[in-house]
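Enquirer: Next up, entry-v1.cif (mmCIF, C-alpha atoms).
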```
data_upload
loop_
_atom_site.group_PDB
_atom_site.id
_atom_site.type_symbol
_atom_site.label_atom_id
_atom_site.label_comp_id
_atom_site.auth_asym_id
_atom_site.auth_seq_id
_atom_site.Cartn_x
_atom_site.Cartn_y
_atom_site.Cartn_z
ATOM 1 C CA MET A 346 20.977 -17.067 -12.850
ATOM 2 C CA ASP A 347 22.829 -20.368 -12.588
ATOM 3 C CA ALA A 348 24.814 -20.711 -9.412
ATOM 4 C CA ILE A 349 27.187 -23.156 -7.810
ATOM 5 C CA VAL A 350 25.395 -23.769 -4.553
ATOM 6 C CA LYS A 351 27.436 -24.099 -1.398
ATOM 7 C CA ASN A 352 25.163 -24.579 1.573
ATOM 8 C CA PHE A 353 27.852 -23.994 4.205
ATOM 9 C CA PRO A 354 26.341 -25.944 7.106
ATOM 10 C CA ALA A 355 26.522 -24.258 10.480
ATOM 11 C CA SER A 356 29.249 -26.598 11.707
ATOM 12 C CA LYS A 357 30.401 -29.434 9.463
ATOM 13 C CA GLU A 358 33.650 -29.698 11.384
ATOM 14 C CA LYS A 359 33.317 -28.162 14.825
ATOM 15 C CA GLN A 360 35.938 -25.470 15.201
ATOM 16 C CA VAL A 361 37.292 -24.386 18.541
ATOM 17 C CA ARG A 362 35.466 -21.167 19.204
ATOM 18 C CA PRO A 363 37.272 -18.267 20.905
ATOM 19 C CA SER A 364 35.985 -17.388 24.345
ATOM 20 C CA GLN A 365 33.915 -14.318 25.173
ATOM 21 C CA GLN A 366 37.004 -12.834 26.817
ATOM 22 C CA GLU A 367 39.103 -13.378 23.664
ATOM 23 C CA ALA A 368 36.396 -11.785 21.509
ATOM 24 C CA GLU A 369 36.255 -8.748 23.777
ATOM 25 C CA GLU A 370 40.036 -8.395 23.711
ATOM 26 C CA ALA A 371 39.954 -8.495 19.916
ATOM 27 C CA VAL A 372 37.553 -5.546 19.967
ATOM 28 C CA ARG A 373 39.936 -3.641 22.243
ATOM 29 C CA VAL A 374 42.754 -4.280 19.767
ATOM 30 C CA LEU A 375 40.626 -2.894 16.927
ATOM 31 C CA LEU A 376 39.739 0.164 18.994
ATOM 32 C CA ARG A 377 43.422 0.852 19.615
ATOM 33 C CA TRP A 378 44.207 0.207 15.932
ATOM 34 C CA ALA A 379 41.491 2.718 14.937
ATOM 35 C CA GLY A 380 43.247 5.311 17.091
ATOM 36 C CA ASP A 381 41.031 5.405 20.170
ATOM 37 C CA ASP A 382 41.535 4.424 23.793
ATOM 38 C CA PRO A 383 39.454 1.416 24.939
ATOM 39 C CA ALA A 384 40.115 2.463 28.529
ATOM 40 C CA ARG A 385 38.214 5.734 28.256
ATOM 41 C CA GLU A 386 34.785 5.919 29.868
ATOM 42 C CA GLY A 387 32.676 5.828 26.714
ATOM 43 C CA LEU A 388 34.413 2.687 25.424
ATOM 44 C CA LEU A 389 34.740 0.655 28.619
ATOM 45 C CA ASP A 390 31.702 -1.530 27.873
ATOM 46 C CA THR A 391 32.058 -1.435 24.088
ATOM 47 C CA PRO A 392 33.937 -4.757 23.758
ATOM 48 C CA LYS A 393 31.228 -6.554 25.733
ATOM 49 C CA ARG A 394 28.470 -4.875 23.715
ATOM 50 C CA VAL A 395 30.128 -5.675 20.384
ATOM 51 C CA ALA A 396 30.620 -9.338 21.315
ATOM 52 C CA ALA A 397 26.965 -9.585 22.390
ATOM 53 C CA SER A 398 25.732 -7.944 19.191
ATOM 54 C CA TYR A 399 27.897 -10.214 17.020
ATOM 55 C CA SER A 400 26.436 -13.220 18.822
ATOM 56 C CA GLU A 401 22.995 -12.069 17.674
ATOM 57 C CA LEU A 402 23.954 -10.823 14.208
ATOM 58 C CA PHE A 403 25.723 -14.085 13.329
ATOM 59 C CA SER A 404 23.349 -16.464 15.113
ATOM 60 C CA GLY A 405 22.652 -18.231 11.801
ATOM 61 C CA TYR A 406 25.766 -20.349 12.301
ATOM 62 C CA GLU A 407 24.028 -21.976 15.273
ATOM 63 C CA GLN A 408 20.863 -22.853 13.330
ATOM 64 C CA SER A 409 20.084 -25.477 10.723
ATOM 65 C CA PRO A 410 17.674 -24.751 7.853
ATOM 66 C CA GLU A 411 16.978 -28.483 7.608
ATOM 67 C CA ASP A 412 15.582 -28.449 11.140
ATOM 68 C CA VAL A 413 13.369 -25.460 10.374
ATOM 69 C CA LEU A 414 12.054 -26.978 7.155
ATOM 70 C CA GLY A 415 11.599 -30.463 8.574
ATOM 71 C CA ARG A 416 7.862 -30.186 9.297
ATOM 72 C CA THR A 417 5.546 -30.068 6.281
ATOM 73 C CA PHE A 418 1.807 -30.396 5.696
ATOM 74 C CA GLU A 419 0.022 -32.671 3.229
ATOM 75 C CA GLU A 420 -3.598 -31.610 3.835
ATOM 76 C CA VAL A 421 -3.781 -29.002 1.082
ATOM 77 C CA SER A 422 -7.017 -30.065 -0.697
ATOM 78 C CA GLY A 423 -5.116 -30.674 -3.907
ATOM 79 C CA TYR A 424 -3.537 -27.198 -4.039
ATOM 80 C CA ASP A 425 -0.593 -27.287 -6.425
ATOM 81 C CA ASP A 426 -0.143 -23.693 -7.594
ATOM 82 C CA ILE A 427 2.556 -21.203 -6.670
ATOM 83 C CA VAL A 428 3.207 -20.358 -3.019
ATOM 84 C CA LEU A 429 4.994 -17.013 -2.711
ATOM 85 C CA VAL A 430 6.185 -15.109 0.335
ATOM 86 C CA ARG A 431 7.446 -11.736 -0.800
ATOM 87 C CA ASP A 432 9.097 -8.711 0.796
ATOM 88 C CA ILE A 433 10.813 -10.690 3.554
ATOM 89 C CA PRO A 434 13.135 -8.145 5.179
ATOM 90 C CA PHE A 435 16.594 -9.237 6.248
ATOM 91 C CA PHE A 436 19.921 -7.901 7.500
ATOM 92 C CA SER A 437 23.162 -9.638 6.671
ATOM 93 C CA HIS A 438 26.873 -8.795 6.517
ATOM 94 C CA CYS A 439 29.179 -9.069 3.535
ATOM 95 C CA GLU A 440 31.957 -11.561 4.055
ATOM 96 C CA HIS A 441 34.534 -9.273 2.455
ATOM 97 C CA HIS A 442 34.235 -6.162 4.654
ATOM 98 C CA MET A 443 31.798 -7.293 7.388
ATOM 99 C CA LEU A 444 29.536 -4.348 6.597
ATOM 100 C CA PRO A 445 25.730 -4.619 6.493
ATOM 101 C CA ILE A 446 23.626 -5.878 3.609
ATOM 102 C CA ILE A 447 20.041 -4.631 3.948
ATOM 103 C CA GLY A 448 17.374 -6.072 1.716
ATOM 104 C CA LYS A 449 14.298 -8.132 1.102
ATOM 105 C CA ALA A 450 13.750 -11.591 -0.299
ATOM 106 C CA HIS A 451 10.941 -13.010 -2.421
ATOM 107 C CA VAL A 452 10.682 -16.798 -2.173
ATOM 108 C CA ALA A 453 8.287 -19.073 -4.079
ATOM 109 C CA TYR A 454 7.830 -22.761 -4.735
ATOM 110 C CA LEU A 455 5.476 -25.045 -6.644
ATOM 111 C CA PRO A 456 4.162 -27.731 -4.241
ATOM 112 C CA ASN A 457 4.544 -31.397 -4.976
ATOM 113 C CA GLY A 458 1.998 -32.740 -2.500
ATOM 114 C CA ARG A 459 3.449 -31.017 0.572
ATOM 115 C CA VAL A 460 3.616 -27.417 1.749
ATOM 116 C CA LEU A 461 5.624 -25.513 4.343
ATOM 117 C CA GLY A 462 4.367 -23.314 7.131
ATOM 118 C CA LEU A 463 4.780 -19.804 5.741
ATOM 119 C CA SER A 464 6.864 -18.640 8.701
ATOM 120 C CA LYS A 465 9.419 -21.347 7.897
ATOM 121 C CA ILE A 466 10.312 -19.619 4.635
ATOM 122 C CA ALA A 467 11.016 -16.377 6.482
ATOM 123 C CA ARG A 468 13.039 -18.316 9.057
ATOM 124 C CA VAL A 469 15.258 -19.800 6.355
ATOM 125 C CA VAL A 470 15.954 -16.320 4.979
ATOM 126 C CA GLU A 471 16.828 -15.238 8.516
ATOM 127 C CA ILE A 472 19.184 -18.173 9.113
ATOM 128 C CA PHE A 473 21.241 -17.570 5.983
ATOM 129 C CA GLY A 474 21.070 -13.804 6.456
ATOM 130 C CA ARG A 475 22.625 -14.034 9.906
ATOM 131 C CA ARG A 476 25.891 -15.366 8.537
ATOM 132 C CA LEU A 477 28.718 -13.696 6.652
ATOM 133 C CA GLN A 478 27.489 -13.701 3.077
ATOM 134 C CA THR A 479 27.634 -12.692 -0.515
ATOM 135 C CA GLN A 480 24.219 -11.982 -2.003
ATOM 136 C CA GLU A 481 24.791 -14.550 -4.744
ATOM 137 C CA ASN A 482 25.506 -17.319 -2.234
ATOM 138 C CA MET A 483 22.590 -16.390 -0.011
ATOM 139 C CA THR A 484 20.165 -16.490 -2.950
ATOM 140 C CA ALA A 485 21.327 -19.934 -4.002
ATOM 141 C CA GLN A 486 21.481 -21.297 -0.448
ATOM 142 C CA ILE A 487 17.840 -20.411 0.266
ATOM 143 C CA ALA A 488 16.692 -22.105 -2.938
ATOM 144 C CA ASN A 489 18.856 -25.155 -2.324
ATOM 145 C CA ALA A 490 17.620 -25.626 1.252
ATOM 146 C CA ILE A 491 13.960 -25.601 0.147
ATOM 147 C CA GLU A 492 14.693 -27.775 -2.893
ATOM 148 C CA GLU A 493 16.502 -30.458 -0.914
ATOM 149 C CA THR A 494 14.091 -30.566 2.022
ATOM 150 C CA LEU A 495 10.654 -30.101 0.434
ATOM 151 C CA LYS A 496 11.316 -31.656 -3.026
ATOM 152 C CA PRO A 497 8.881 -29.252 -4.757
ATOM 153 C CA ARG A 498 8.325 -28.996 -8.501
ATOM 154 C CA GLY A 499 10.360 -25.827 -8.525
ATOM 155 C CA VAL A 500 11.790 -23.011 -6.386
ATOM 156 C CA ALA A 501 12.269 -19.334 -7.228
ATOM 157 C CA VAL A 502 14.231 -16.857 -5.108
ATOM 158 C CA MET A 503 14.859 -13.183 -5.772
ATOM 159 C CA ILE A 504 16.816 -10.892 -3.469
ATOM 160 C CA GLU A 505 17.067 -7.116 -3.709
ATOM 161 C CA ALA A 506 19.568 -5.464 -1.390
ATOM 162 C CA GLU A 507 21.739 -2.481 -0.590
ATOM 163 C CA HIS A 508 25.371 -3.157 0.263
ATOM 164 C CA LEU A 509 26.914 -0.697 2.681
ATOM 165 C CA CYS A 510 30.370 -1.893 1.661
ATOM 166 C CA MET A 511 29.876 0.031 -1.593
ATOM 167 C CA GLU A 512 27.897 2.896 -0.053
ATOM 168 C CA MET A 513 30.025 3.763 3.000
ATOM 169 C CA ARG A 514 33.444 3.027 1.479
ATOM 170 C CA GLY A 515 35.113 2.344 -1.872
ATOM 171 C CA VAL A 516 33.025 3.754 -4.732
ATOM 172 C CA GLN A 517 30.499 5.208 -2.218
ATOM 173 C CA LYS A 518 27.456 4.874 -4.479
ATOM 174 C CA GLN A 519 24.541 5.485 -2.131
ATOM 175 C CA GLY A 520 21.134 4.177 -3.144
ATOM 176 C CA SER A 521 22.389 1.488 -5.519
ATOM 177 C CA HIS A 522 20.585 -1.858 -5.350
ATOM 178 C CA THR A 523 21.716 -5.350 -6.307
ATOM 179 C CA MET A 524 19.275 -7.995 -7.533
ATOM 180 C CA THR A 525 19.940 -11.733 -7.738
ATOM 181 C CA THR A 526 17.709 -14.629 -8.749
ATOM 182 C CA THR A 527 17.859 -18.410 -8.669
ATOM 183 C CA PHE A 528 15.385 -20.856 -10.223
ATOM 184 C CA THR A 529 15.057 -24.630 -9.996
ATOM 185 C CA GLY A 530 12.727 -27.199 -11.551
ATOM 186 C CA GLU A 531 9.722 -25.837 -13.445
ATOM 187 C CA PHE A 532 10.710 -22.258 -12.692
ATOM 188 C CA LYS A 533 14.042 -22.825 -14.417
ATOM 189 C CA ALA A 534 12.614 -24.777 -17.350
ATOM 190 C CA ASN A 535 9.526 -22.662 -18.032
ATOM 191 C CA ALA A 536 9.956 -18.992 -18.917
ATOM 192 C CA ALA A 537 6.238 -18.414 -18.340
ATOM 193 C CA GLU A 538 6.564 -19.538 -14.725
ATOM 194 C CA GLN A 539 9.534 -17.210 -14.253
ATOM 195 C CA ALA A 540 7.518 -14.317 -15.687
ATOM 196 C CA ARG A 541 4.604 -15.135 -13.380
ATOM 197 C CA PHE A 542 6.947 -15.170 -10.401
ATOM 198 C CA PHE A 543 8.341 -11.750 -11.311
ATOM 199 C CA THR A 544 4.859 -10.336 -11.819
ATOM 200 C CA LEU A 545 3.591 -11.593 -8.466
ATOM 201 C CA ALA A 546 6.758 -10.573 -6.607
ATOM 202 C CA ARG A 547 6.688 -7.034 -7.970
ATOM 203 C CA ASN A 548 2.934 -6.448 -7.952
ATOM 204 C CA ARG A 549 2.230 -3.800 -5.326
#
```
I'd like the structure from this file rewritten - as structure tokens, please.
Expert:
Amino acid sequence: MDAIVKNFPASKEKQVRPSQQEAEEAVRVLLRWAGDDPAREGLLDTPKRVAASYSELFSGYEQSPEDVLGRTFEEVSGYDDIVLVRDIPFFSHCEHHMLPIIGKAHVAYLPNGRVLGLSKIARVVEIFGRRLQTQENMTAQIANAIEETLKPRGVAVMIEAEHLCMEMRGVQKQGSHTMTTTFTGEFKANAAEQARFFTLARNR
């Protein structure tokens, strides 16, 4: 899948961020709009809780994948074959309805003299997942971040996910899954490498 990659840095131009108080008041407005009373006992602390949960759910805007991927290792004893971390679970939110995306990512690269700590790959998935997303953008952003920072011979990313925006509302098709892939370098140029990636990612 060819994609126009937009990396959307956490803060290219620093925007003035609303205060905690403004965020909580916005939640109260939504509660009233939904038809409930934010002053009733069960909802008194809801604005504060929602603001705190959003701070965690969208914490990816405060993190830089370049910082996470900055440290690499060259002592690999000549290892130059595929490195794959599969079944990385993530939660994200669609940018259209702000409803959850629940899925897993499979990320691989072909080293070019340097390797990453394996946890760094999972961290990159987490950073992009904790932003408002489309699955297509997230797939491409993960690949692009590793490509630009590590300069490997190739990167492969596959994401499988459920989108609650089409399960809870709209067409309401529960259990449907969306799959996206992005390949760079040797993975993109060599169909055999793509096939090997798919085999390793799906081998249970």
Enquirer: Report as a list in words all protein, DNA and RNA residues lying within 7 Å of region 503-512 of chain A, evaluated on only C-alpha atoms, omitting residues in the same chain fewer than 6 positions from it.
Expert: His442, Leu444, Pro445, Ile446, Ile447, Gly448, Lys449, Ala450, His451, Val452, Thr484, Lys518, Gln519, Ser521, His522, Thr523, Met524, Thr525, Thr526 and Thr527 of chain A
Enquirer: For the interface of region 356-408 of chain A with region 416-439 of chain A (cut-off 12 Å, counting all atoms listed in the file), please tabulate each contacting residue of region 356-408 of chain A alongside its nearest pair of atoms and their separation in Å to one decimal, rows sorted by chain and increasing number, as a Markdown table.
Expert:
```
| residue | atom | partner | partner_atom | distance |
| --- | --- | --- | --- | --- |
| A:Tyr399 | CA | A:His438 | CA | 10.6 |
| A:Glu401 | CA | A:Ser437 | CA | 11.3 |
| A:Leu402 | CA | A:Ser437 | CA | 7.7 |
| A:Phe403 | CA | A:Ser437 | CA | 8.4 |
| A:Ser404 | CA | A:Ser437 | CA | 10.9 |
| A:Gly405 | CA | A:Ser437 | CA | 10.0 |
```
Enquirer: Quick one: everything within 7 Å of Pro410 (chain A), counting all atoms listed in the file, minus sequence neighbours fewer than 2 positions away in the same chain. Send it as a list in words.
Expert: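 Listing them by chain and then by number gives Gln408, Asp412, Val413, Leu414, Val469, Ile472 and Ala490 of chain A.
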Enquirer: Just to confirm, what's the straight-line distance from CA of Glu531 (chain A) to CA of Val502 (chain A) in Å (one decimal)?
Expert: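 Distance between the two atoms: 13.1 Å.
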Enquirer: Between CA of Arg475 (chain A) and CA of Ala371 (chain A), measure the distance and give it in Å to one decimal.
Expert: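 Spanning CA of Arg475 (chain A) to CA of Ala371 (chain A) is a straight-line distance of 20.8 Å.
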Enquirer: Would you fill the gaps in region 442-454 of chain A so it has N, CA and C atoms, then print it as a PDB file, keeping the file's coordinate frame?
Expert:
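Heads up, here's the output in part_37.pdb:
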```pdb
ATOM      1  N   HIS A 442      33.936  -7.327   3.823  1.00  0.00           N
ATOM      2  CA  HIS A 442      34.235  -6.162   4.654  1.00  0.00           C
ATOM      3  C   HIS A 442      33.484  -6.181   5.991  1.00  0.00           C
ATOM      4  N   MET A 443      32.616  -7.171   6.173  1.00  0.00           N
ATOM      5  CA  MET A 443      31.798  -7.293   7.388  1.00  0.00           C
ATOM      6  C   MET A 443      30.953  -6.046   7.621  1.00  0.00           C
ATOM      7  N   LEU A 444      30.461  -5.470   6.533  1.00  0.00           N
ATOM      8  CA  LEU A 444      29.536  -4.348   6.597  1.00  0.00           C
ATOM      9  C   LEU A 444      28.142  -4.829   6.219  1.00  0.00           C
ATOM     10  N   PRO A 445      27.095  -4.117   6.665  1.00  0.00           N
ATOM     11  CA  PRO A 445      25.730  -4.619   6.493  1.00  0.00           C
ATOM     12  C   PRO A 445      25.260  -4.722   5.038  1.00  0.00           C
ATOM     13  N   ILE A 446      24.443  -5.730   4.813  1.00  0.00           N
ATOM     14  CA  ILE A 446      23.626  -5.878   3.609  1.00  0.00           C
ATOM     15  C   ILE A 446      22.181  -5.763   4.094  1.00  0.00           C
ATOM     16  N   ILE A 447      21.424  -4.853   3.519  1.00  0.00           N
ATOM     17  CA  ILE A 447      20.041  -4.631   3.948  1.00  0.00           C
ATOM     18  C   ILE A 447      19.133  -4.860   2.750  1.00  0.00           C
ATOM     19  N   GLY A 448      18.195  -5.786   2.880  1.00  0.00           N
ATOM     20  CA  GLY A 448      17.374  -6.072   1.716  1.00  0.00           C
ATOM     21  C   GLY A 448      16.097  -6.809   2.030  1.00  0.00           C
ATOM     22  N   LYS A 449      15.509  -7.333   0.964  1.00  0.00           N
ATOM     23  CA  LYS A 449      14.298  -8.132   1.102  1.00  0.00           C
ATOM     24  C   LYS A 449      14.365  -9.286   0.110  1.00  0.00           C
ATOM     25  N   ALA A 450      13.742 -10.378   0.514  1.00  0.00           N
ATOM     26  CA  ALA A 450      13.750 -11.591  -0.299  1.00  0.00           C
ATOM     27  C   ALA A 450      12.328 -11.949  -0.707  1.00  0.00           C
ATOM     28  N   HIS A 451      12.201 -12.478  -1.916  1.00  0.00           N
ATOM     29  CA  HIS A 451      10.941 -13.010  -2.421  1.00  0.00           C
ATOM     30  C   HIS A 451      11.197 -14.499  -2.715  1.00  0.00           C
ATOM     31  N   VAL A 452      10.434 -15.358  -2.072  1.00  0.00           N
ATOM     32  CA  VAL A 452      10.682 -16.798  -2.173  1.00  0.00           C
ATOM     33  C   VAL A 452       9.385 -17.505  -2.568  1.00  0.00           C
ATOM     34  N   ALA A 453       9.465 -18.343  -3.604  1.00  0.00           N
ATOM     35  CA  ALA A 453       8.287 -19.073  -4.079  1.00  0.00           C
ATOM     36  C   ALA A 453       8.649 -20.519  -4.377  1.00  0.00           C
ATOM     37  N   TYR A 454       7.639 -21.379  -4.306  1.00  0.00           N
ATOM     38  CA  TYR A 454       7.830 -22.761  -4.735  1.00  0.00           C
ATOM     39  C   TYR A 454       6.517 -23.292  -5.287  1.00  0.00           C
TER      40      TYR A 454
END
```
